[in-house]
$ cat start-v2.txt   # compact mmCIF, C-alpha atoms
# COMPACT_ATOMS: atom_id res chain seq x y z
CA MET P 4 81.93 185.01 5.25
CA ALA P 5 84.93 187.04 6.37
CA GLU P 6 83.82 188.26 9.81
CA LEU P 7 83.95 192.01 10.15
CA LYS P 8 84.29 193.50 13.62
CA VAL P 9 86.30 196.07 15.56
CA ASP P 10 89.30 194.31 17.08
CA VAL P 11 91.37 197.16 18.52
CA ASP P 12 90.85 200.31 20.55
CA PRO P 13 91.35 203.26 18.17
CA ASP P 14 93.86 204.84 20.57
CA GLU P 15 96.11 201.79 20.27
CA VAL P 16 96.61 202.40 16.54
CA GLY P 17 96.89 206.17 16.59
CA PHE P 18 93.26 207.22 16.08
CA ASP P 19 91.25 209.52 18.32
CA GLY P 20 87.96 207.71 18.94
CA GLU P 21 86.01 210.93 19.41
CA ARG P 22 87.29 212.21 16.09
CA LEU P 23 86.39 208.95 14.37
CA ALA P 24 82.82 209.44 15.62
CA ARG P 25 82.62 212.47 13.33
CA ILE P 26 82.41 210.03 10.42
CA ASP P 27 79.17 208.58 11.73
CA ARG P 28 77.57 211.92 12.55
CA HIS P 29 78.38 213.39 9.16
CA MET P 30 77.45 210.39 7.03
CA ALA P 31 74.24 209.77 9.00
CA ARG P 32 72.86 213.03 7.63
CA TYR P 33 72.66 211.46 4.18
CA VAL P 34 70.36 208.79 5.59
CA ASP P 35 68.39 211.20 7.80
CA GLU P 36 67.65 213.35 4.76
CA GLY P 37 66.70 210.36 2.60
CA LEU P 38 69.61 210.83 0.22
CA LEU P 39 71.05 207.38 0.96
CA ALA P 40 69.18 204.31 2.13
CA GLY P 41 72.08 203.12 4.25
CA TRP P 42 75.84 202.67 4.40
CA LEU P 43 78.74 200.87 6.04
CA VAL P 44 82.21 202.21 6.85
CA ALA P 45 85.18 200.09 7.94
CA VAL P 46 88.60 201.58 8.73
CA ALA P 47 91.63 199.47 9.61
CA ARG P 48 95.13 200.48 10.66
CA ASN P 49 98.12 198.20 11.02
CA GLY P 50 95.83 195.31 10.12
CA HIS P 51 93.28 195.94 12.88
CA VAL P 52 89.74 197.27 12.41
CA ALA P 53 89.60 200.43 14.50
CA HIS P 54 86.24 201.73 13.30
CA LEU P 55 83.15 199.98 11.98
CA SER P 56 79.79 201.66 11.65
CA THR P 57 76.53 201.10 9.82
CA CYS P 58 73.53 203.33 9.29
CA GLY P 59 70.11 203.00 7.70
CA GLN P 60 68.59 200.19 5.68
CA ARG P 61 69.85 197.84 3.04
CA ASP P 62 66.23 197.82 1.83
CA VAL P 63 63.99 200.73 2.76
CA GLU P 64 60.73 199.06 1.77
CA SER P 65 61.19 196.08 4.09
CA GLY P 66 63.10 198.01 6.73
CA ALA P 67 65.95 195.49 6.67
CA PRO P 68 68.96 197.21 8.24
CA VAL P 69 72.49 197.48 6.95
CA GLU P 70 74.53 194.83 8.75
CA ALA P 71 78.15 193.71 8.68
CA ASP P 72 77.25 190.81 6.37
CA THR P 73 75.17 192.85 3.89
CA VAL P 74 76.01 192.00 0.27
CA TRP P 75 76.74 194.95 -2.01
CA ARG P 76 77.17 195.45 -5.76
CA LEU P 77 80.84 196.29 -6.18
CA TYR P 78 80.65 197.40 -9.82
CA SER P 79 84.03 198.92 -10.72
CA MET P 80 85.63 197.80 -7.48
CA THR P 81 85.80 194.56 -9.47
CA LYS P 82 88.56 196.14 -11.57
CA PRO P 83 91.35 195.88 -8.97
CA VAL P 84 90.49 192.19 -8.50
CA THR P 85 90.83 191.58 -12.25
CA SER P 86 94.08 193.53 -12.29
CA VAL P 87 95.46 191.37 -9.48
CA ALA P 88 94.39 188.25 -11.38
CA ALA P 89 96.25 189.42 -14.48
CA MET P 90 99.39 190.24 -12.52
CA MET P 91 99.33 186.84 -10.87
CA LEU P 92 99.61 185.37 -14.36
CA TYR P 93 102.31 187.92 -15.19
CA GLU P 94 104.32 186.64 -12.23
CA GLU P 95 104.10 183.15 -13.71
CA GLY P 96 105.71 184.37 -16.93
CA ALA P 97 102.49 184.05 -18.95
CA PHE P 98 103.00 187.39 -20.69
CA GLU P 99 105.00 190.61 -20.64
CA LEU P 100 103.33 193.95 -20.13
CA LYS P 101 104.41 195.14 -23.59
CA ASP P 102 102.93 192.10 -25.36
CA PRO P 103 100.16 192.84 -27.90
CA VAL P 104 96.84 191.58 -26.55
CA SER P 105 95.95 190.30 -30.03
CA ARG P 106 98.35 187.42 -29.42
CA TRP P 107 95.56 185.91 -27.29
CA ILE P 108 92.51 187.81 -28.57
CA PRO P 109 92.81 187.89 -32.39
CA SER P 110 89.83 190.22 -32.89
CA LEU P 111 91.98 193.03 -31.44
CA SER P 112 94.38 192.82 -34.38
CA ASP P 113 94.27 195.55 -37.04
CA MET P 114 92.45 198.10 -34.89
CA ARG P 115 91.45 201.44 -36.37
CA VAL P 116 91.54 204.87 -34.72
CA TRP P 117 88.88 207.60 -34.91
CA ARG P 118 89.88 210.55 -37.07
CA GLY P 119 86.56 212.35 -37.59
CA GLY P 120 83.11 212.10 -39.10
CA THR P 121 79.92 211.10 -37.30
CA PRO P 122 78.95 208.06 -35.24
CA GLN P 123 77.08 206.75 -38.28
CA ALA P 124 79.85 207.54 -40.78
CA PRO P 125 83.20 207.57 -38.97
CA SER P 126 86.49 208.43 -40.58
CA THR P 127 89.20 206.12 -39.27
CA ALA P 128 92.83 205.19 -39.91
CA PRO P 129 94.80 202.05 -39.07
CA ALA P 130 96.30 202.13 -35.57
CA THR P 131 100.08 202.40 -35.64
CA GLU P 132 100.40 200.97 -32.12
CA PRO P 133 98.81 197.68 -30.97
CA ILE P 134 96.83 197.43 -27.76
CA ARG P 135 99.33 196.05 -25.25
CA VAL P 136 98.64 194.44 -21.88
CA TRP P 137 99.77 197.51 -19.96
CA HIS P 138 97.32 199.63 -21.93
CA LEU P 139 94.44 197.54 -20.59
CA LEU P 140 95.73 197.79 -17.01
CA THR P 141 96.04 201.58 -17.25
CA HIS P 142 92.96 202.56 -19.34
CA THR P 143 95.21 203.90 -22.09
CA ALA P 144 94.07 201.41 -24.77
CA GLY P 145 91.80 203.88 -26.61
CA LEU P 146 88.63 202.04 -25.55
CA THR P 147 85.70 203.83 -23.92
CA TYR P 148 82.32 203.45 -22.18
CA GLY P 149 78.96 204.10 -23.81
CA PHE P 150 77.75 206.04 -20.78
CA HIS P 151 80.37 208.79 -21.16
CA TYR P 152 78.37 210.86 -23.73
CA ASN P 153 81.61 212.64 -24.57
CA HIS P 154 82.78 211.36 -27.97
CA PRO P 155 81.20 210.00 -31.16
CA VAL P 156 82.70 206.58 -30.40
CA ASP P 157 80.79 206.58 -27.10
CA ALA P 158 77.63 206.90 -29.18
CA ARG P 159 78.70 203.95 -31.31
CA TYR P 160 79.05 201.84 -28.15
CA ARG P 161 75.53 202.84 -27.12
CA ALA P 162 74.14 202.05 -30.56
CA ALA P 163 75.71 198.61 -30.32
CA GLY P 164 73.96 198.00 -26.98
CA PHE P 165 76.76 198.95 -24.58
CA GLU P 166 75.75 201.67 -22.17
CA TRP P 167 74.92 200.34 -18.69
CA GLY P 168 75.00 196.72 -19.75
CA THR P 169 75.58 194.34 -22.63
CA PRO P 170 73.28 192.98 -25.35
CA LYS P 171 71.27 189.95 -24.32
CA GLY P 172 72.74 186.57 -25.15
CA MET P 173 76.36 187.72 -25.43
CA ASP P 174 79.10 186.13 -23.33
CA LEU P 175 82.42 187.77 -22.51
CA THR P 176 84.08 186.47 -25.67
CA ALA P 177 81.38 187.98 -27.88
CA VAL P 178 81.41 191.26 -25.96
CA VAL P 179 85.15 191.73 -26.41
CA ASP P 180 84.88 190.90 -30.11
CA ALA P 181 82.13 193.52 -30.39
CA TYR P 182 84.35 196.14 -28.75
CA ALA P 183 87.04 195.27 -31.29
CA GLU P 184 84.66 196.27 -34.11
CA GLN P 185 84.56 199.86 -32.87
CA PRO P 186 87.27 202.44 -33.59
CA LEU P 187 89.64 203.47 -30.84
CA LEU P 188 89.45 207.02 -29.51
CA PHE P 189 93.22 207.46 -29.86
CA GLU P 190 96.43 205.55 -30.45
CA PRO P 191 97.01 203.09 -27.60
CA GLY P 192 99.22 204.66 -24.94
CA ALA P 193 98.58 208.23 -26.06
CA GLU P 194 95.91 209.26 -23.52
CA TRP P 195 93.94 208.03 -20.51
CA ASN P 196 90.23 207.28 -20.90
CA TYR P 197 88.16 205.33 -18.38
CA SER P 198 86.84 202.38 -20.32
CA VAL P 199 85.88 198.74 -20.82
CA ALA P 200 89.60 197.89 -20.85
CA THR P 201 89.32 195.84 -17.66
CA ASP P 202 86.57 193.70 -19.19
CA VAL P 203 88.97 192.93 -22.02
CA LEU P 204 91.63 192.20 -19.39
CA GLY P 205 89.25 189.71 -17.78
CA ARG P 206 88.92 187.91 -21.08
CA LEU P 207 92.72 187.84 -21.35
CA VAL P 208 92.85 186.16 -17.93
CA GLU P 209 90.40 183.53 -19.18
CA VAL P 210 92.33 182.76 -22.36
CA ILE P 211 95.74 182.57 -20.69
CA SER P 212 94.62 180.63 -17.61
CA GLY P 213 92.22 178.27 -19.36
CA GLN P 214 89.62 179.03 -16.67
CA SER P 215 86.47 181.12 -16.75
CA LEU P 216 86.87 184.37 -14.84
CA ASP P 217 84.60 183.25 -12.01
CA GLU P 218 86.57 180.02 -11.62
CA PHE P 219 89.90 181.87 -11.57
CA PHE P 220 88.66 184.40 -9.01
CA ALA P 221 87.15 181.71 -6.79
CA SER P 222 90.12 179.35 -6.77
CA ARG P 223 93.07 181.74 -7.01
CA ILE P 224 91.88 184.83 -5.07
CA PHE P 225 88.70 184.37 -3.04
CA ALA P 226 89.43 180.97 -1.51
CA PRO P 227 93.00 181.83 -0.41
CA LEU P 228 91.83 185.14 1.10
CA GLY P 229 88.70 183.71 2.72
CA MET P 230 86.41 185.92 0.63
CA THR P 231 83.52 183.47 0.82
CA ASP P 232 80.73 185.96 0.06
CA THR P 233 82.15 187.46 -3.13
CA ALA P 234 80.98 186.25 -6.55
CA PHE P 235 79.47 187.44 -9.83
CA TYR P 236 75.94 187.31 -8.42
CA ALA P 237 74.09 186.83 -5.15
CA ASP P 238 72.93 183.22 -5.13
CA GLU P 239 69.93 181.96 -3.17
CA ALA P 240 71.94 181.62 0.04
CA ARG P 241 72.99 185.30 -0.07
CA ARG P 242 70.02 186.92 -1.80
CA ASP P 243 68.24 187.99 1.38
CA ARG P 244 71.37 189.91 2.41
CA LEU P 245 71.69 191.74 -0.93
CA ALA P 246 71.15 195.48 -0.57
CA THR P 247 68.65 197.20 -2.85
CA LEU P 248 70.04 199.48 -5.54
CA TYR P 249 68.94 203.12 -5.54
CA VAL P 250 69.10 206.19 -7.74
CA ARG P 251 68.34 209.81 -6.94
CA GLY P 252 64.63 210.35 -7.56
CA ALA P 253 62.89 213.45 -8.86
CA ASP P 254 62.38 214.58 -5.26
CA GLY P 255 66.08 214.15 -4.52
CA LYS P 256 65.49 211.10 -2.34
CA ALA P 257 66.98 207.65 -2.83
CA THR P 258 64.58 205.66 -5.03
CA ALA P 259 64.85 201.94 -5.75
CA THR P 260 65.70 201.01 -9.35
CA PRO P 261 64.95 197.73 -11.14
CA MET P 262 68.52 197.79 -12.49
CA GLY P 263 69.53 196.17 -9.23
CA GLN P 264 67.67 192.95 -9.96
CA ALA P 265 70.42 191.74 -12.28
CA ALA P 266 72.71 191.06 -9.31
CA ALA P 267 70.40 188.27 -8.12
CA ARG P 268 70.89 186.06 -11.16
CA GLN P 269 73.83 184.47 -12.92
CA PRO P 270 75.09 186.84 -15.61
CA ASP P 271 75.74 186.03 -19.25
CA VAL P 272 78.89 188.17 -19.15
CA LEU P 273 81.51 187.72 -16.43
CA SER P 274 82.45 191.38 -16.25
CA GLY P 275 85.95 191.90 -14.93
CA GLY P 276 85.21 195.60 -15.09
CA GLY P 277 82.11 195.64 -12.92
CA GLY P 278 80.42 192.32 -12.20
CA LEU P 279 81.15 191.34 -8.60
CA VAL P 280 78.99 191.47 -5.49
CA GLY P 281 80.36 190.94 -2.01
CA THR P 282 80.53 191.98 1.62
CA ALA P 283 82.60 194.74 3.18
CA GLY P 284 84.43 192.15 5.27
CA ASP P 285 85.48 190.27 2.16
CA TYR P 286 86.67 193.38 0.39
CA LEU P 287 88.57 194.61 3.42
CA ARG P 288 90.52 191.35 3.33
CA PHE P 289 91.36 192.07 -0.30
CA THR P 290 92.54 195.59 0.55
CA GLU P 291 94.57 194.26 3.48
CA MET P 292 96.30 191.81 1.15
CA LEU P 293 97.30 194.79 -0.97
CA ARG P 294 98.39 196.88 2.01
CA ARG P 295 100.56 193.96 3.16
CA ARG P 296 102.10 193.91 -0.32
CA GLY P 297 100.54 190.72 -1.65
CA GLU P 298 99.99 188.47 1.38
CA LEU P 299 97.36 187.93 4.06
CA ASP P 300 97.23 185.30 6.80
CA GLY P 301 99.80 183.13 5.07
CA ALA P 302 98.21 183.34 1.62
CA ARG P 303 100.51 185.12 -0.82
CA LEU P 304 98.88 186.16 -4.09
CA LEU P 305 101.58 188.52 -5.37
CA GLY P 306 105.19 189.32 -4.66
CA THR P 307 105.97 192.45 -2.69
CA ARG P 308 107.72 194.16 -5.59
CA THR P 309 104.80 193.43 -7.91
CA VAL P 310 102.33 195.22 -5.62
CA ASP P 311 104.76 198.13 -5.30
CA TYR P 312 104.99 198.28 -9.09
CA MET P 313 101.23 198.11 -9.58
CA THR P 314 100.59 200.95 -7.14
CA ARG P 315 103.00 203.47 -8.65
CA ASN P 316 102.03 205.88 -11.40
CA HIS P 317 102.29 204.39 -14.90
CA LEU P 318 101.16 207.41 -16.90
CA PRO P 319 103.94 208.60 -19.23
CA GLY P 320 106.10 211.37 -17.81
CA ASN P 321 104.60 210.78 -14.35
CA ALA P 322 101.66 212.90 -15.49
CA ASP P 323 98.45 213.16 -13.50
CA LEU P 324 95.01 212.41 -14.92
CA GLU P 325 94.27 216.10 -15.36
CA GLY P 326 97.20 216.41 -17.73
CA PHE P 327 97.02 213.03 -19.48
CA GLY P 328 93.36 212.08 -19.21
CA ARG P 329 90.13 213.27 -20.73
CA ARG P 330 87.96 215.35 -18.43
CA LEU P 331 85.01 213.01 -18.02
CA PHE P 332 83.50 210.74 -15.43
CA ALA P 333 85.77 208.32 -13.58
CA GLU P 334 85.80 206.88 -10.08
CA THR P 335 88.54 209.29 -8.97
CA ALA P 336 89.61 212.90 -8.85
CA PHE P 337 92.03 214.03 -11.59
CA ASP P 338 94.22 216.77 -10.08
CA GLY P 339 97.36 215.35 -8.51
CA VAL P 340 96.23 211.78 -9.16
CA GLY P 341 97.96 209.32 -11.47
CA PHE P 342 97.10 205.77 -12.44
CA GLY P 343 98.89 202.48 -11.79
CA LEU P 344 98.13 198.97 -12.92
CA GLY P 345 94.51 198.89 -11.80
CA PHE P 346 94.40 201.72 -9.23
CA SER P 347 94.32 205.47 -8.97
CA VAL P 348 97.45 206.72 -7.20
CA VAL P 349 97.84 210.00 -5.28
CA LEU P 350 100.85 211.91 -6.61
CA ASP P 351 100.40 215.35 -5.06
CA PRO P 352 97.91 215.82 -2.20
CA ALA P 353 98.27 219.60 -2.40
CA ALA P 354 97.23 219.62 -6.05
CA GLY P 355 94.19 217.50 -5.22
CA LYS P 356 93.24 219.78 -2.30
CA GLY P 357 92.39 216.81 -0.09
CA LEU P 358 93.77 215.55 3.21
CA ASP P 359 95.64 212.59 1.79
CA SER P 360 99.00 210.84 1.70
CA ARG P 361 101.29 210.66 -1.29
CA GLY P 362 101.15 207.10 -2.62
CA SER P 363 97.63 206.30 -1.43
CA TYR P 364 95.78 204.19 -3.96
CA GLY P 365 92.28 202.89 -4.46
CA TRP P 366 89.16 202.89 -6.61
CA GLY P 367 85.37 203.04 -6.42
CA GLY P 368 82.22 201.58 -7.89
CA ALA P 369 79.25 203.03 -9.75
CA ALA P 370 76.92 202.59 -6.77
CA SER P 371 79.06 204.99 -4.69
CA THR P 372 81.20 202.30 -3.03
CA ALA P 373 84.89 203.02 -2.50
CA PHE P 374 88.12 201.78 -0.99
CA TRP P 375 91.59 203.11 -0.48
CA VAL P 376 94.90 201.98 0.93
CA ASP P 377 97.31 204.44 2.50
CA PRO P 378 100.70 202.72 2.76
CA GLU P 379 102.29 205.65 4.59
CA GLU P 380 99.72 205.60 7.38
CA GLU P 381 99.09 201.83 7.11
CA ILE P 382 95.36 202.40 6.63
CA SER P 383 92.85 200.48 4.55
CA ALA P 384 89.26 201.66 4.36
CA VAL P 385 86.08 200.44 2.71
CA PHE P 386 82.81 202.32 2.21
CA MET P 387 79.66 200.57 1.04
CA THR P 388 76.32 202.00 -0.07
CA GLN P 389 74.12 201.50 -3.16
CA LEU P 390 73.37 204.75 -4.97
CA LEU P 391 73.81 205.25 -8.72
CA PRO P 392 75.74 207.12 -10.00
CA SER P 393 78.75 207.61 -7.75
CA SER P 394 79.06 211.23 -8.83
CA THR P 395 75.81 212.14 -7.04
CA TYR P 396 77.43 213.21 -3.73
CA PRO P 397 81.06 213.85 -2.65
CA LEU P 398 81.00 210.87 -0.31
CA ARG P 399 84.52 209.67 -1.01
CA SER P 400 86.38 212.92 -0.52
CA GLN P 401 84.38 213.68 2.61
CA LEU P 402 84.99 210.24 4.06
CA LYS P 403 88.72 210.40 3.42
CA GLN P 404 89.10 213.77 5.13
CA LEU P 405 87.06 212.50 8.10
CA VAL P 406 89.27 209.43 8.46
CA GLN P 407 92.54 211.32 8.04
CA GLN P 408 91.63 214.07 10.54
CA ALA P 409 91.13 211.38 13.19
CA LEU P 410 94.82 210.41 13.07
CA VAL P 411 96.68 211.79 16.09
CA ASP P 412 99.80 209.66 16.48
$ encode --input "start-v2.txt" --output "structure tokens"
Amino acid sequence: MAELKVDVDPDEVGFDGERLARIDRHMARYVDEGLLAGWLVAVARNGHVAHLSTCGQRDVESGAPVEADTVWRLYSMTKPVTSVAAMMLYEEGAFELKDPVSRWIPSLSDMRVWRGGTPQAPSTAPATEPIRVWHLLTHTAGLTYGFHYNHPVDARYRAAGFEWGTPKGMDLTAVVDAYAEQPLLFEPGAEWNYSVATDVLGRLVEVISGQSLDEFFASRIFAPLGMTDTAFYADEARRDRLATLYVRGADGKATATPMGQAAARQPDVLSGGGGLVGTAGDYLRFTEMLRRRGELDGARLLGTRTVDYMTRNHLPGNADLEGFGRRLFAETAFDGVGFGLGFSVVLDPAAGKGLDSRGSYGWGGAASTAFWVDPEEEISAVFMTQLLPSSTYPLRSQLKQLVQQALVD
């Protein structure tokens, strides 16, 4: 396990310790009121952990507390890992970002685009633009999620068994082929829509590398970074540290859900879009690698210019998500926020009405986890809890303002 501990006085890295304590007081209210079972916050600056706090239980029923080595479901915080994996292959010359994905995944040839009709009787037309690698990295491929409940194609995903999971017995290859049978919402590259694109990207990593996604992650990312507690499920050695998954109950309190049991067994589908579990210490090492532009403790995963390129806005015309995206659920705000190759990117803090830095990037997970990297302030931060869905409370925006207000250098 990557050990997680405070290793610097906050004052030495430009934080006011008393102001940092506001984080704990504010976030503790969620636990005191029964809205969250427990949480962990880690904030680093200049590569040193200046603030680490935990509150509540990882499992309310047993009373087991949240600890530094608690294992959490990362859900969509898997996506940046998959994006890094893909760009590692890009750096080896395995593909170009404009390459059609069908070169490696033939089922994505001859895609059709929604034009009208009903979920049961769609009207479609042949796509004039192929799905390219950069479309997968930016969620502009025309794919979707069944849980959006926003478009007739979303309903088709649900009817095919894709809402909060995948049909039993399918592996990643079969899942991607099943996505290919559905019409696209729009021509690839024409809009932004949060989607299963990163799962398809994970399959691309498998085909190009010749390794299963778990093998690639373990050998090429986790081992070099010392992320020894991150995997696609919590095995027997880690199961007792796995936090329980909660939803908001009818009384408003955090209530355990059986959906969480899936994280304790090996999955059929290695989901590059949402399958990982891991510790905060592990994930902070991943974010620190990004903040240091591709390297950590002598292990270089990406070149500096590649990380810079990934964390700039790739939406056409430098548009933000409000202008180029569809107003639906995603793990980010839309106003003043663009999208890079695997990350949301802050373009205009004033437009977003949040205390933020231009160029900050990050993402979150369905169970209300989140991370961000602020290159300007040299901050990386990780927040862990386990409450579905992440839209339940404004935890991320509140946490960011509480961290940023503590800067006094």
$ residues_around --input "start-v2.txt" --residues "range 162-178 of chain P" --least-positions-apart "3" --cutoff "8 Å" --atoms "all atoms listed in the file" --output "list of chain:residue names"
P:Tyr148, P:Gly149, P:Phe150, P:Ala158, P:Arg159, P:Ala181, P:Tyr182, P:Asp202, P:Arg206, P:Asp271, P:Val272, P:Leu273, P:Ser274
$ residues_around --input "start-v2.txt" --residues "Ala354 in chain P" --least-positions-apart "5" --cutoff "10 Å" --atoms "only C-alpha atoms" --output "PyMOL selection string"
chain P and resi 323+337-340+349
$ atom_distance --input "start-v2.txt" --atom1 "CA of Ala128 in chain P" --atom2 "CA of Phe332 in chain P"
26.8 Å
$ residues_around --input "start-v2.txt" --residues "range 387-391 of chain P" --least-positions-apart "4" --cutoff "7 Å" --atoms "all atoms listed in the file" --output "VMD selection string"
chain P and resid 39 41 to 44 247 to 250 283 369 to 373
$ closest_residue --input "start-v2.txt" --among "P:Asp217, P:Glu64, P:Asp14, P:Glu379" --to "Thr81 in chain P" --atoms "all atoms listed in the file"
P:Asp217
$ closest_residue --input "start-v2.txt" --among "P:Lys101, P:Arg242, P:Arg22, P:Arg106" --to "Val136 in chain P" --atoms "only C-alpha atoms"
P:Lys101
$ residues_around --input "start-v2.txt" --residues "Gly145 in chain P" --least-positions-apart "3" --cutoff "12 Å" --atoms "all atoms listed in the file" --output "NGL selection string"
:P and (111 or 114-117 or 130 or 132-135 or 138-139 or 141-142 or 148 or 154 or 156-157 or 182-183 or 185-200 or 328-329)
$ write_last_selection --input "start-v2.txt" --atoms "C-alpha atoms" --output "PDB file, keeping the file's coordinate frame"
ATOM      1  CA  LEU P 111      91.980 193.030 -31.440  1.00  0.00           C
ATOM      2  CA  MET P 114      92.450 198.100 -34.890  1.00  0.00           C
ATOM      3  CA  ARG P 115      91.450 201.440 -36.370  1.00  0.00           C
ATOM      4  CA  VAL P 116      91.540 204.870 -34.720  1.00  0.00           C
ATOM      5  CA  TRP P 117      88.880 207.600 -34.910  1.00  0.00           C
ATOM      6  CA  ALA P 130      96.300 202.130 -35.570  1.00  0.00           C
ATOM      7  CA  GLU P 132     100.400 200.970 -32.120  1.00  0.00           C
ATOM      8  CA  PRO P 133      98.810 197.680 -30.970  1.00  0.00           C
ATOM      9  CA  ILE P 134      96.830 197.430 -27.760  1.00  0.00           C
ATOM     10  CA  ARG P 135      99.330 196.050 -25.250  1.00  0.00           C
ATOM     11  CA  HIS P 138      97.320 199.630 -21.930  1.00  0.00           C
ATOM     12  CA  LEU P 139      94.440 197.540 -20.590  1.00  0.00           C
ATOM     13  CA  THR P 141      96.040 201.580 -17.250  1.00  0.00           C
ATOM     14  CA  HIS P 142      92.960 202.560 -19.340  1.00  0.00           C
ATOM     15  CA  TYR P 148      82.320 203.450 -22.180  1.00  0.00           C
ATOM     16  CA  HIS P 154      82.780 211.360 -27.970  1.00  0.00           C
ATOM     17  CA  VAL P 156      82.700 206.580 -30.400  1.00  0.00           C
ATOM     18  CA  ASP P 157      80.790 206.580 -27.100  1.00  0.00           C
ATOM     19  CA  TYR P 182      84.350 196.140 -28.750  1.00  0.00           C
ATOM     20  CA  ALA P 183      87.040 195.270 -31.290  1.00  0.00           C
ATOM     21  CA  GLN P 185      84.560 199.860 -32.870  1.00  0.00           C
ATOM     22  CA  PRO P 186      87.270 202.440 -33.590  1.00  0.00           C
ATOM     23  CA  LEU P 187      89.640 203.470 -30.840  1.00  0.00           C
ATOM     24  CA  LEU P 188      89.450 207.020 -29.510  1.00  0.00           C
ATOM     25  CA  PHE P 189      93.220 207.460 -29.860  1.00  0.00           C
ATOM     26  CA  GLU P 190      96.430 205.550 -30.450  1.00  0.00           C
ATOM     27  CA  PRO P 191      97.010 203.090 -27.600  1.00  0.00           C
ATOM     28  CA  GLY P 192      99.220 204.660 -24.940  1.00  0.00           C
ATOM     29  CA  ALA P 193      98.580 208.230 -26.060  1.00  0.00           C
ATOM     30  CA  GLU P 194      95.910 209.260 -23.520  1.00  0.00           C
ATOM     31  CA  TRP P 195      93.940 208.030 -20.510  1.00  0.00           C
ATOM     32  CA  ASN P 196      90.230 207.280 -20.900  1.00  0.00           C
ATOM     33  CA  TYR P 197      88.160 205.330 -18.380  1.00  0.00           C
ATOM     34  CA  SER P 198      86.840 202.380 -20.320  1.00  0.00           C
ATOM     35  CA  VAL P 199      85.880 198.740 -20.820  1.00  0.00           C
ATOM     36  CA  ALA P 200      89.600 197.890 -20.850  1.00  0.00           C
ATOM     37  CA  GLY P 328      93.360 212.080 -19.210  1.00  0.00           C
ATOM     38  CA  ARG P 329      90.130 213.270 -20.730  1.00  0.00           C
TER      39      ARG P 329
END
$ closest_residue --input "start-v2.txt" --among "P:Leu38, P:Leu398, P:Val46, P:Ala302" --to "Glu381 in chain P" --atoms "only C-alpha atoms"
P:Val46
$ closest_residue --input "start-v2.txt" --among "P:Glu209, P:Gly320, P:Leu410, P:Glu298" --to "Trp107 in chain P" --atoms "all atoms listed in the file"
P:Glu209
$ residues_around --input "start-v2.txt" --residues "Pro13 in chain P" --least-positions-apart "2" --cutoff "12 Å" --atoms "only C-alpha atoms" --output "list in words"
Val9, Asp10, Val11, Glu15, Val16, Gly17, Phe18, Asp19, Gly20, Glu21, Arg22, Leu23, Ala24, Val46, Ala47, Arg48, Asn49, His51, Val52, Ala53, His54, Leu55, Val406, Ala409, Leu410, Val411 and Asp412 of chain P
$ atom_distance --input "start-v2.txt" --atom1 "CA of Asp238 in chain P" --atom2 "CA of Leu293 in chain P"
27.3 Å
$ atom_distance --input "start-v2.txt" --atom1 "CA of Val208 in chain P" --atom2 "CA of Ser105 in chain P"
13.2 Å
$ closest_residue --input "start-v2.txt" --among "P:Val280, P:Leu146, P:Val376, P:Ala333" --to "Leu204 in chain P" --atoms "all atoms listed in the file"
P:Leu146
$ closest_residue --input "start-v2.txt" --among "P:Gly278, P:Gly297, P:Phe220, P:Ser363" --to "Asn316 in chain P" --atoms "only C-alpha atoms"
P:Ser363
$ build_atoms --input "start-v2.txt" --residues "range 266-275 of chain P" --atoms "N, CA and C atoms" --output "compact mmCIF listing (two decimals), keeping the file's coordinate frame"
# COMPACT_ATOMS: atom_id res chain seq x y z
N ALA P 266 71.71 191.63 -10.22
CA ALA P 266 72.71 191.06 -9.31
C ALA P 266 72.24 189.79 -8.62
N ALA P 267 70.96 189.46 -8.77
CA ALA P 267 70.40 188.27 -8.12
C ALA P 267 70.32 187.07 -9.05
N ARG P 268 70.90 187.19 -10.23
CA ARG P 268 70.89 186.06 -11.16
C ARG P 268 72.24 185.93 -11.86
N GLN P 269 72.55 184.72 -12.28
CA GLN P 269 73.83 184.47 -12.92
C GLN P 269 73.92 185.25 -14.22
N PRO P 270 75.00 186.00 -14.42
CA PRO P 270 75.09 186.84 -15.61
C PRO P 270 75.56 186.07 -16.84
N ASP P 271 75.21 186.58 -18.01
CA ASP P 271 75.74 186.03 -19.25
C ASP P 271 77.21 186.42 -19.43
N VAL P 272 77.53 187.63 -18.99
CA VAL P 272 78.89 188.17 -19.15
C VAL P 272 79.56 188.26 -17.79
N LEU P 273 80.71 187.62 -17.65
CA LEU P 273 81.51 187.72 -16.43
C LEU P 273 82.37 188.98 -16.55
N SER P 274 81.84 190.07 -16.05
CA SER P 274 82.45 191.38 -16.25
C SER P 274 83.58 191.61 -15.26
N GLY P 275 84.81 191.56 -15.76
CA GLY P 275 85.95 191.90 -14.93
C GLY P 275 86.03 193.37 -14.63
